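Enquirer: What follows is a single structure, and I will ask about it in a moment.
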Amino acid sequence: MTSFAPAVRNHRRTALALVLCGGLAVALTACGTDEDPDKGTNGIAKLTASEIDTKARAAADAATSVRLSGTLVSKGGTYRLDMKLSAKGGMGSVSSKKQSFALLRIEDELFLKAPAAFWTHEDGKGESGAADAAAADKLGGKYVKVPEGDPSYGQLRGFTDKKVLLDGLLALHGELNKGGRDTVAGHRTVQILGGKGEGGAFDVSLEDKPYPVRVARGGGGGTVSLADWGRSFPLEAPDEDDTVDYGGQLPKSSG
């Protein structure tokens, strides 16, 4: 007599395998639906480019302070910035191909600190006069108070003004578009573009508040990182012994 028991057992094993495989497939599918790219974020990546732009600017405006570091390129040259800014003023350094100097502003009082070479103005023959040398010796390495009436006051103050710098950096040109996601300084980000990027771009944090954390200016205008949002820092006037109040208009400088 022929036994069909093995065939029955094979069918049972096959049926069990199908059930297990089906269950595994369902489980994997369920797990896949949980892999939401916005899980654990502030959710702004789901918004339109215009809405993200508005929220990022609002967060930047409301922040009490920020640190900017990077490069700005303008008609006047290329500047390397490392500035801490708040509503009351700012402090940090600015350097160019020719010179570097430190800036400190407390409310409307603005101080410039630079080496003696900064204050040495050369004539067309590459020589500096005795008066320039004397001024350089007096001003070099000191915090020089910049008179509000000096032509350079407005330009130098702009480097220490949180609103002025952020308004300029975050200005995108062209239709706003949403770019890809990235990780910048440990922050998951989504990018906002001006046009396809030719009008500038900035990365917005997807963690906590939607602060801008990196800006690429259009037309090769430089790249700047933004960090330490809301982190306070001391703004103190320099010691009198380390300060020079030049009084009137500042002398010409090599920078």
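Simple scheme: letters A, B, ... for chains in structure tokens order, numbers from 1 for residues in each chain, numbers from 1 for ligands in the order shown.
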Tell me, as a PDB file with C-alpha atoms, in the first residue's frame, which residues lie within 12 Å of region 71-83 of chain A, counting only C-alpha atoms; anything in the same chain fewer than 3 positions away does not count.
Expert:
ATOM      1  CA  SER A  65      22.210  86.447  19.665  1.00  0.00           C
ATOM      2  CA  VAL A  66      24.079  84.529  16.976  1.00  0.00           C
ATOM      3  CA  ARG A  67      27.611  83.803  15.831  1.00  0.00           C
ATOM      4  CA  LEU A  68      28.548  84.301  12.171  1.00  0.00           C
ATOM      5  CA  SER A  86      23.208  90.610  19.714  1.00  0.00           C
ATOM      6  CA  GLY A  89      26.032  95.196  19.731  1.00  0.00           C
ATOM      7  CA  GLY A  90      28.660  92.827  18.530  1.00  0.00           C
ATOM      8  CA  MET A  91      32.276  91.758  18.735  1.00  0.00           C
ATOM      9  CA  GLY A  92      34.718  89.777  16.642  1.00  0.00           C
ATOM     10  CA  SER A  93      37.195  89.981  13.818  1.00  0.00           C
ATOM     11  CA  VAL A  94      37.176  90.956  10.161  1.00  0.00           C
ATOM     12  CA  SER A  95      40.037  90.170   7.831  1.00  0.00           C
ATOM     13  CA  SER A  96      40.729  90.839   4.187  1.00  0.00           C
ATOM     14  CA  LYS A  97      43.574  90.139   1.820  1.00  0.00           C
ATOM     15  CA  LYS A  98      45.324  93.295   2.987  1.00  0.00           C
ATOM     16  CA  GLN A  99      44.444  93.647   6.645  1.00  0.00           C
ATOM     17  CA  SER A 100      42.715  92.225   9.673  1.00  0.00           C
ATOM     18  CA  PHE A 101      41.117  94.058  12.573  1.00  0.00           C
ATOM     19  CA  ALA A 102      38.812  93.544  15.543  1.00  0.00           C
ATOM     20  CA  LEU A 103      35.512  95.312  16.091  1.00  0.00           C
ATOM     21  CA  LEU A 104      33.571  95.932  19.275  1.00  0.00           C
ATOM     22  CA  ARG A 105      30.268  97.776  19.430  1.00  0.00           C
ATOM     23  CA  GLN A 155      30.374 100.460   7.056  1.00  0.00           C
ATOM     24  CA  ARG A 157      29.063  99.228  12.247  1.00  0.00           C
ATOM     25  CA  GLY A 158      27.342  97.068   9.636  1.00  0.00           C
ATOM     26  CA  PHE A 159      29.698  94.205  10.493  1.00  0.00           C
ATOM     27  CA  THR A 160      28.432  94.334  14.101  1.00  0.00           C
ATOM     28  CA  ASP A 161      24.712  94.759  13.429  1.00  0.00           C
ATOM     29  CA  LYS A 162      22.700  91.538  13.754  1.00  0.00           C
ATOM     30  CA  LEU A 165      23.898  91.266   8.470  1.00  0.00           C
ATOM     31  CA  GLY A 168      21.570  90.787   3.815  1.00  0.00           C
ATOM     32  CA  LEU A 169      22.630  87.166   4.219  1.00  0.00           C
ATOM     33  CA  ARG A 214      24.421  77.894   6.716  1.00  0.00           C
ATOM     34  CA  VAL A 215      24.123  80.485   3.966  1.00  0.00           C
ATOM     35  CA  ALA A 216      25.549  80.360   0.446  1.00  0.00           C
ATOM     36  CA  ARG A 217      25.204  83.742  -1.223  1.00  0.00           C
ATOM     37  CA  GLY A 218      24.275  83.899  -4.868  1.00  0.00           C
ATOM     38  CA  GLY A 219      26.836  84.670  -7.539  1.00  0.00           C
ATOM     39  CA  GLY A 220      29.742  83.324  -5.513  1.00  0.00           C
ATOM     40  CA  GLY A 221      29.178  85.874  -2.771  1.00  0.00           C
ATOM     41  CA  GLY A 222      30.604  83.637  -0.052  1.00  0.00           C
ATOM     42  CA  THR A 223      29.453  81.065   2.493  1.00  0.00           C
ATOM     43  CA  VAL A 224      28.667  81.803   6.131  1.00  0.00           C
ATOM     44  CA  SER A 225      27.860  79.497   9.044  1.00  0.00           C
ATOM     45  CA  LEU A 226      25.410  80.608  11.738  1.00  0.00           C
ATOM     46  CA  ALA A 227      25.595  79.044  15.186  1.00  0.00           C
ATOM     47  CA  ASP A 228      25.160  79.631  18.921  1.00  0.00           C
ATOM     48  CA  PHE A 233      28.112  86.579  25.531  1.00  0.00           C
ATOM     49  CA  GLY A 255      43.016  98.859   4.757  1.00  0.00           C
TER      50      GLY A 255
END
Enquirer: Just list as a count of residues only whatever in region 165-247 of chain A DSSP marks as helix (DSSP H, G or I).
Expert: 11
Enquirer: Work out how far CA of Ala87 (chain A) is from CA of Ala60 (chain A), in Å to one decimal.
Expert: 11.7 Å
Enquirer: Name the residues of region 28-253 of chain A that fall into strand (DSSP E) according to DSSP on the backbone, using the chain letters and numbers of this document, as a PyMOL selection string.
Expert: chain A and resi 65-74+77-86+89-95+100-106+109-113+143-145+176-184+187-194+201-205+212-216+223-227+243-245
Enquirer: Between A:Asp38, A:Lys145, A:Ala58, A:Gly43, single out the one closest to Glu240 (chain A), counting only C-alpha atoms.
Expert: A:Lys145
Enquirer: How many Å separate CA of Ser69 (chain A) from CA of Leu206 (chain A)?
Expert: 20.7 Å
Enquirer: If we count only C-alpha atoms, what is near Pro238 (chain A) at a cut-off of 10 Å, once residues fewer than 3 positions away on the same chain are taken out, given as a list in words?
Expert: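 Listed by chain and then number, they are Leu104, Phe111, Lys142, Tyr143, Val144, Leu235, Asp241, Asp242 and Thr243 of chain A.
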Enquirer: Fewer than 6 positions away in the same chain doesn't count, so skip those; otherwise give me all residues within 12 Å of Pro37 (chain A), counting only C-alpha atoms, as a list of chain:residue names.
Expert: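 Contacts, in chain order: A:Gly43, A:Ile44, A:Ala45, A:Lys46, A:Arg181, A:Asp182, A:Arg188, A:Thr189, A:Val190, A:Leu206.
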Enquirer: Any chance you could export the current selection's N, CA and C atoms as a compact mmCIF listing (two decimals), in the first residue's frame?
Expert:
# COMPACT_ATOMS: atom_id res chain seq x y z
N GLY A 43 9.33 69.45 11.89
CA GLY A 43 8.25 69.33 10.93
C GLY A 43 8.21 70.36 9.82
N ILE A 44 9.16 71.30 9.80
CA ILE A 44 9.04 72.36 8.80
C ILE A 44 9.34 71.89 7.37
N ALA A 45 10.01 70.75 7.24
CA ALA A 45 10.30 70.25 5.89
C ALA A 45 9.03 69.91 5.13
N LYS A 46 7.93 69.74 5.83
CA LYS A 46 6.66 69.45 5.18
C LYS A 46 6.02 70.70 4.59
N ARG A 181 17.77 67.71 1.55
CA ARG A 181 18.11 67.64 2.97
C ARG A 181 19.59 67.37 3.13
N ASP A 182 20.11 67.79 4.28
CA ASP A 182 21.53 67.62 4.53
C ASP A 182 21.74 67.59 6.04
N ARG A 188 20.26 68.21 11.30
CA ARG A 188 19.56 67.84 10.07
C ARG A 188 18.91 69.10 9.50
N THR A 189 19.01 69.30 8.21
CA THR A 189 18.54 70.54 7.60
C THR A 189 17.74 70.29 6.33
N VAL A 190 17.00 71.30 5.95
CA VAL A 190 16.37 71.36 4.63
C VAL A 190 16.81 72.68 4.02
N LEU A 206 16.26 71.35 11.09
CA LEU A 206 15.04 70.57 11.30
C LEU A 206 14.91 70.13 12.76
Enquirer: Residues at most 12 Å from Gly180 (chain A), counting only C-alpha atoms, excluding those fewer than 6 positions away in the same chain, as JSON, numbers by chain?
Expert: {"A": [45, 49, 188, 189, 190, 191, 192, 193, 196, 197, 201, 202, 203, 204]}
Enquirer: Restrict the selected residues to N, CA, C and O atoms and save them as a short mmCIF file (atom, residue, chain, number, x, y, z; two decimals), in the first residue's frame.
Expert:
data_model
loop_
_atom_site.label_atom_id
_atom_site.label_comp_id
_atom_site.auth_asym_id
_atom_site.auth_seq_id
_atom_site.Cartn_x
_atom_site.Cartn_y
_atom_site.Cartn_z
N ALA A 45 10.01 70.75 7.24
CA ALA A 45 10.30 70.25 5.89
C ALA A 45 9.03 69.91 5.13
O ALA A 45 9.06 69.79 3.90
N ALA A 49 8.33 76.15 0.44
CA ALA A 49 9.57 76.92 0.54
C ALA A 49 9.30 78.29 1.15
O ALA A 49 10.06 78.76 2.00
N ARG A 188 20.26 68.21 11.30
CA ARG A 188 19.56 67.84 10.07
C ARG A 188 18.91 69.10 9.50
O ARG A 188 18.33 69.90 10.24
N THR A 189 19.01 69.30 8.21
CA THR A 189 18.54 70.54 7.60
C THR A 189 17.74 70.29 6.33
O THR A 189 17.82 69.21 5.73
N VAL A 190 17.00 71.30 5.95
CA VAL A 190 16.37 71.36 4.63
C VAL A 190 16.81 72.68 4.02
O VAL A 190 16.96 73.69 4.72
N GLN A 191 17.01 72.70 2.71
CA GLN A 191 17.56 73.88 2.05
C GLN A 191 16.47 74.65 1.31
O GLN A 191 15.57 74.08 0.71
N ILE A 192 16.60 75.98 1.37
CA ILE A 192 15.73 76.88 0.63
C ILE A 192 16.59 77.56 -0.43
O ILE A 192 17.68 78.06 -0.13
N LEU A 193 16.09 77.60 -1.67
CA LEU A 193 16.87 78.12 -2.78
C LEU A 193 16.21 79.35 -3.39
O LEU A 193 14.98 79.44 -3.46
N LYS A 196 17.21 78.24 -8.73
CA LYS A 196 17.79 76.90 -8.59
C LYS A 196 19.08 76.95 -7.77
O LYS A 196 19.86 76.00 -7.77
N GLY A 197 19.28 78.06 -7.08
CA GLY A 197 20.46 78.23 -6.26
C GLY A 197 21.31 79.41 -6.70
O GLY A 197 22.14 79.89 -5.94
N ALA A 201 21.15 80.52 -1.29
CA ALA A 201 20.51 79.39 -0.62
C ALA A 201 20.87 79.41 0.86
O ALA A 201 21.92 79.94 1.23
N PHE A 202 19.99 78.87 1.67
CA PHE A 202 20.38 78.66 3.08
C PHE A 202 19.72 77.41 3.63
O PHE A 202 18.63 77.02 3.21
N ASP A 203 20.45 76.77 4.56
CA ASP A 203 19.99 75.55 5.21
C ASP A 203 19.29 75.90 6.51
O ASP A 203 19.82 76.70 7.31
N VAL A 204 18.14 75.30 6.74
CA VAL A 204 17.34 75.56 7.93
C VAL A 204 17.33 74.30 8.80
O VAL A 204 17.11 73.19 8.30
#
